Amino acid sequence: MSNVLFPGGFGLFLCMAETILILDFGSQYTQLIARRVRELNVYCEIHPFSKIPPITSDVKGVIFSGSPCSVRDEGAPDVDFTLFGPLPTLGICYGAQLMAQKTGGKVLPSQMREYGRANLTTVDPRNELLREMSTHSQVWMSHADTIASLSGEFEIIACTSSVKIAAFQKKGEKVFGIQFHPEVTHTLEGKKLLHNFVVNICGCTQNWTPDLFVESTISALRKKLGTDKVVMALSGGVDSTVAATLIHKAIEKNLFCIFVDNGLLRKNEFDQVMNSYLGMGLNIKGVDAKAKFYEALKGLTDPEAKRKAIGKTFIDVFDDEAHALTDVKWLGQGTIYPDVIESVSVKGPSVTIKSHHNVGGLPEKMKMKVIEPLNTLFKDEVRRVGKTLMIDPVILGRHPFPGPGLGIRILGDITPEKVRIAQEVDSIFIQGLRDHHLYDTVWQAGAMLLPVKSVGVMGDERTYERVVALRAVVSVDGMTADWAHLPYDFLSDVSSKIINKVKGVNRVVYDISSKPPSTIEWE
């Protein structure tokens, strides 16, 4: 059993996990590398190239990510390869170029930018990294530089028609570089290559499973918390529910959960979620704070101002409820791994695109220690852990719902009447997706109440009422998303029901924007 120090306040977490270390040079694909390794049931961690952790005996191999930088730039990301000793190493794109340059090879600007699909024309079938890969296997290139030459200590193991050095290996050592990206789906045999590296070359035994995570996490929580009390805000979402279930299994009634009704939830959601949690045996208190949130939002139209008002009010309400409890030492949170990665990214904390309503301000105000049992997992892994914990599939399959709720799906100021309209429209849309067996085919869906009115006709009367926009997207993790191509007959049916049943709405539109350039939410 090995000791792995996880960031984010969880402290020393005991885990029987062989680890692949991924050094991040700023690539947009770095998280995707980690996801692909995890899909092989192998644990991995992402660390910035500038903050390399101690290399313990649990580290079985190292992967260097790509980068938006050029190795030829002054001040380009760099790393001391001697830190990793004889460990198997795989450089991807920028990582491969850095390997080549630091060992006497030449990296030059490409005559034409090499971006998109390509096919390997030469593959060394004897090479353990490329074992069982096809000679003409499709790969994905994304680089403006190219490796023009290698030092004599390396040999070329794969080429494409335009890239002479598509893959290489250091002679006699388990050190490899590839110019393409095996982590993206466009590289058709990328998973096979990563399996060759992680399992065959690094020797990982593929024992990182949901069952192992649940067992070791509950054990670690019991040791960490002992008889201490923990307070936690629940939202009805996947992350907070799974985190609370793990903590509850470790300390049972010493976990105190609070679910706040901010008046911006979906129709009947407060009662539905409360009943679900009580059925799970969680020690939970529901708090009706609708009036406080509406008062805080009164007259606000700017999206950021609304988010901050919702966040501050939530913290005040939660803080009051938490302090009604005695001797609580810990604050539980459903932080997941992408949140942790973002906070220690290559460039430091990322630029704030928008403020998210969560419990981010609570630890400072409440002066509590933080416990985050999910801060090593991606969203899909959280769902698999939830399945192992036998959490209701309805909860695990729920679409993501923004922390500020309908507060950012009602464009402009917030009033109880606007909330009623948004809830009714959303309810018809979501239920329609379920009835037509489309709910599980989309990643997230919701309705936006627009701050405009349109002319309509109902019977013989002219109307001048509100416009709603329906939004449904398909995605893996929300980082990118495409609009869902829902059937026309479904959209027609839902539109008709909304206009006929929701007083105050006479026009429905469907959003066909993808992310990027658009965001999933409108505010």
# chains A, B, ... in the order shown; residues from 1 in each chain; ligands from 1
call {"tool": "residues_around", "arguments": {"residues": "Phe180 of chain A", "least_positions_apart": "4", "cutoff": "6 Å", "atoms": "only C-alpha atoms", "output": "PyMOL selection string"}}
result
chain A and resi 93+140-141
call {"tool": "write_last_selection", "arguments": {"atoms": "N, CA, C and O atoms", "output": "mmCIF file, in the first residue's frame"}}
result
data_model
loop_
_atom_site.group_PDB
_atom_site.id
_atom_site.type_symbol
_atom_site.label_atom_id
_atom_site.label_comp_id
_atom_site.auth_asym_id
_atom_site.auth_seq_id
_atom_site.Cartn_x
_atom_site.Cartn_y
_atom_site.Cartn_z
ATOM 1 N N CYS A 93 4.116 14.792 -29.104
ATOM 2 C CA CYS A 93 4.171 16.072 -29.829
ATOM 3 C C CYS A 93 5.270 16.975 -29.250
ATOM 4 O O CYS A 93 6.450 16.700 -29.439
ATOM 5 N N TRP A 140 -3.506 11.461 -35.712
ATOM 6 C CA TRP A 140 -3.888 12.874 -35.702
ATOM 7 C C TRP A 140 -2.661 13.727 -35.394
ATOM 8 O O TRP A 140 -2.033 13.581 -34.355
ATOM 9 N N MET A 141 -2.331 14.618 -36.328
ATOM 10 C CA MET A 141 -1.204 15.534 -36.159
ATOM 11 C C MET A 141 -1.711 16.920 -35.747
ATOM 12 O O MET A 141 -2.793 17.348 -36.167
#
call {"tool": "residues_around", "arguments": {"residues": "Glu417 of chain A", "least_positions_apart": "3", "cutoff": "12 Å", "atoms": "only C-alpha atoms", "output": "list in words"}}
result
Gly263, Leu264, Tyr294, Ile410, Asp413, Ile414, Arg420, Ile421, Ala422, Gln423, Glu424, Leu449, Val502, Lys503 and Gly504 of chain A
call {"tool": "closest_atom_pairs", "arguments": {"of": "segment 414-498 of chain A", "to": "segment 376-399 of chain A", "cutoff": "8 Å", "atoms": "only C-alpha atoms", "output": "CSV"}}
result
residue,atom,partner,partner_atom,distance
A:Asp440,CA,A:Gly397,CA,7.5
A:Trp443,CA,A:His399,CA,6.1
A:Gln444,CA,A:His399,CA,5.0
A:Ala445,CA,A:His399,CA,7.1
A:Asp477,CA,A:Lys379,CA,7.1
call {"tool": "write_last_selection", "arguments": {"atoms": "N, CA, C and O atoms", "output": "CSV table (one decimal), in the first residue's frame"}}
result
chain,number,residue,atom,x,y,z
A,440,ASP,N,-31.1,10.2,-22.2
A,440,ASP,CA,-29.7,9.7,-22.0
A,440,ASP,C,-28.8,9.8,-23.3
A,440,ASP,O,-27.6,9.5,-23.2
A,443,TRP,N,-26.1,15.2,-23.2
A,443,TRP,CA,-25.3,15.4,-22.0
A,443,TRP,C,-25.9,16.4,-21.1
A,443,TRP,O,-25.8,16.2,-19.8
A,444,GLN,N,-26.5,17.4,-21.6
A,444,GLN,CA,-27.1,18.4,-20.8
A,444,GLN,C,-28.2,19.1,-21.6
A,444,GLN,O,-28.1,19.3,-22.8
A,445,ALA,N,-29.3,19.5,-21.0
A,445,ALA,CA,-30.4,20.1,-21.6
A,445,ALA,C,-31.1,21.1,-20.7
A,445,ALA,O,-31.1,20.9,-19.4
A,477,ASP,N,-17.3,15.8,-21.4
A,477,ASP,CA,-17.1,16.4,-20.1
A,477,ASP,C,-17.4,17.9,-20.0
A,477,ASP,O,-17.1,18.5,-19.1
call {"tool": "closest_residue", "arguments": {"among": "A:Gly311, A:Pro487, A:Pro182, A:Gly116", "to": "Ile92 of chain A", "atoms": "only C-alpha atoms"}}
result
A:Pro182
call {"tool": "atom_distance", "arguments": {"atom1": "atom CA of Asp228 of chain A", "atom2": "atom CA of Asp316 of chain A"}}
result
23.4 Å
call {"tool": "closest_residue", "arguments": {"among": "A:Ala244, A:Val37, A:Val230, A:Ala484", "to": "Met368 of chain A", "atoms": "only C-alpha atoms"}}
result
A:Val230
